[in-house]
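Worksheet: the structure to be examined is printed underneath.
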Amino acid sequence: MSKRKQRIADAVIFVVLLAGGLTMLVPFLWMISTSFKEPGSLFDLPIQLWPEKLHWENYQRVLTAVPFARWYFNSLVLALGLTFLNLTSGALAGYAFARFSWKGKDAMFLVSLITLMIPAHVLIIPLFIIMSRLGWIDTYYALILPGLFDAFAIFLMRQNFISLPRELEEAALIDGASPWQIYWKVALPLAAPALATLGTFTFLAGWNAFLWPLIATNSIAMRPLTVGLAVFNTQFTTEWTVLMAGLSLATIPPIIVFLAAQKYFIRGLTLGSLKG
Amino acid sequence: MSSYRRFPWLFILPSLVGFFAFNAGPILISLLLSFTRWDVFDPLNLQAVVDSWAGLENYRTMAADPVLHKAFWNTLYYVLVAVPLEIFISLMVALGLNRDFPGVKIVRTLYLLPTVTSVVAVGLLWRWVLNPYVGPVNLALRWIGQRLEALFQGTSLSVPASVHWLATQGPGWLSDPHWAMPGIILAAVWAGIGFRMLIFLAGLQNIDKTYYEAASLDGAGPWRQFWDVTLPLLSPTVFLNTLLALIGGFQVFGLIYVMTGGGPLDATNVLLFYLYQKAFGIFPPDMGYASAIAWLLFAFLFVLTVVQWQLRKRWVWEEA
């Protein structure tokens, strides 16, 4: 191919990609534009692409009609709690599988890997029954505790600990440190990058979780943002300007966080994709 | 350093508790429930399971349940359309973005925006975007229809009915049983390609550049390089990505819940949504039947994974 032809091909590819990228953006712009429109004006023709006057009252209404701040807080508790639990138990067990040996270790590891095959939807009915018997429905316990065991976290941390050089841990052992001390003071700090990656992915999974929180909560105050929005949808089903104002409040902060920490998110997502 | 030769209770305990309480235990309960007529007000013990034992009744009911059959075909429809679209588009985008040009990072970011948006928000947003009267999708379709109509009016040909329909009306999307599933798929593909693209990009960046240099020296053009270098070396990633997309597709729920609630006329009712309805959407809930649906869905996923794994040998190129 000649240089000239190559350059034309590159330009065409670039334009197509850019058009596709803008297609990604249009629904968000439409959301923001609608959120500022006058409530009764949506179906007036011709359709306005952008309102002449910004109608902030949609935002006022959404903030007074539903406990948005509380939903944000709940989502944060859910995502952070899940991340903390997941990292703690996953790193502990991962270290055990990497550095200890005991009878039946391989069988235990295999069984935990098999659980990766069981999709979450098989668990929700019995989990709901267990949580209601424990009286934990509509509490943070029900939202977070199911993350206590996570085969993917264990697997990831085990691989990571195995790949770490043993010299430092050996030196600490000679100095008389206990396995517990070595874990906290030597091994865990070295695992920080893996923890960050796993943490990113778990946080995002918790933030976006829907099916289980939908089942595990039933009062308005205990809903995370995803469930709150879905129920809010049935409540304001025709008030599009208010709905879009709520949606803007729900989607724009995560996007800003994403833009700020894009590098870590991408690494976490790519690695976490193995989990499916 | 030789390993510590003992059982590390302190390290294993949290995971062990979680495993029995929230994984192995529930799996067992779910399996047992699927063979019972257990009621939510029954106690949760072995006696209650024995008392409500129904054998294969739930599984036999599934065989004759028309809504379940519909949900099955709907799930298949969704998976067979959404997954190939998602994989194809995201692969094309990844190929295009796997190069250096000014602004490539910004374009890449654009594709990733839906990835960080929760599925609920995506569904709500698309309900509005797909509004038949004032949504941007139908505005664009109507604009195209009107241009086409104008073209026809300049000639002696009469305007085809489909063009006229496009120019004046367009699809009714979520409220029309024929267009509801395509509407859901549109939202799903829009939301899904960023993530798939990311995995493809990671795969592409792992391909050793020297292969291309060698192919170039042998006189292979961009087309040959794509078929004979990129695609074979990327096939493990294509495999992984497709498998993940299929598994995710069979478990589609959030978009359906938010966008159509399974309607209209069960046109978008899928297996997981039907399970949810049976367990949490009706009163009294039918936990036994819902559990049986869960295992049916699991069986599909299991067979799918095994079949894919077998096919893997046929088309995935692996370095020996």
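Chains: A, B, ... in order of the structure tokens. Residues: from 1 per chain. Ligands: from 1, in order shown.
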Exercise for review: Please report as a ChimeraX atom specification which residues of chain A come no farther than 7 Å from chain B, using only C-alpha atoms.
Suggested key: /A:13,17-18,21,24-25,27,31,43,47,89,92-93,96,99-102,121-123,126-127,146,148-149,166,170,208,210,226,230,247,251,254-255,270,276
Practice item. Please report, as a ChimeraX atom specification, each residue of range 205-305 of chain B to which DSSP assigns helix (DSSP H, G or I) when run on this structure's backbone. Key: /B:205,209-217,222-250,254-259,271-281,287-305
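The gap separating CA of Ala167 in chain B from CA of Ile144 in chain B is 7.1 Å, in Å to one decimal.
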Review point. What is the distance between CA of Asn58 in chain B and CA of Leu32 in chain B, in Å to one decimal?
Key: 11.5 Å
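The list of residues with at least one atom within 7 Å of Leu234 in chain B, based on only C-alpha atoms and without residues fewer than 3 positions apart in the same chain, reads Gly203, Leu204, Thr230, Leu231, Thr237 and Val238 of chain B.
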**Study point:** Exercise: Val231 in chain A partners within 10 Å, only C-alpha atoms, chain neighbours under 6 positions left out, as number ranges by chain
**Key:** A: 214, 220, 223, 225, 237; B: 258
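Take the candidates B:Leu186, B:Trp165, B:Phe35, B:Val67 and check each one against Gln277 in chain B using only C-alpha atoms; the shortest distance goes to B:Val67.
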Point to revise | Straight-line distance linking CA of Pro264 in chain B with CA of Trp212 in chain A, stated in Å to one decimal | key: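 Spanning CA of Pro264 in chain B to CA of Trp212 in chain A is a straight-line distance of 24.7 Å.
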**Study point:** Who sits within 9 Å of Ala54 in chain B, only C-alpha atoms, same chain under 6 positions skipped, as a ChimeraX atom specification
**Key:** /B:34-38
Serialized selection, C-alpha atoms, as a short mmCIF file (atom, residue, chain, number, x, y, z; two decimals), in the first residue's frame:
```cif
data_model
loop_
_atom_site.label_atom_id
_atom_site.label_comp_id
_atom_site.auth_asym_id
_atom_site.auth_seq_id
_atom_site.Cartn_x
_atom_site.Cartn_y
_atom_site.Cartn_z
CA SER B 34 -35.70 -27.51 43.94
CA PHE B 35 -37.15 -30.93 44.86
CA THR B 36 -39.70 -29.55 47.32
CA ARG B 37 -42.86 -27.52 47.67
CA TRP B 38 -41.20 -25.69 50.57
#
```
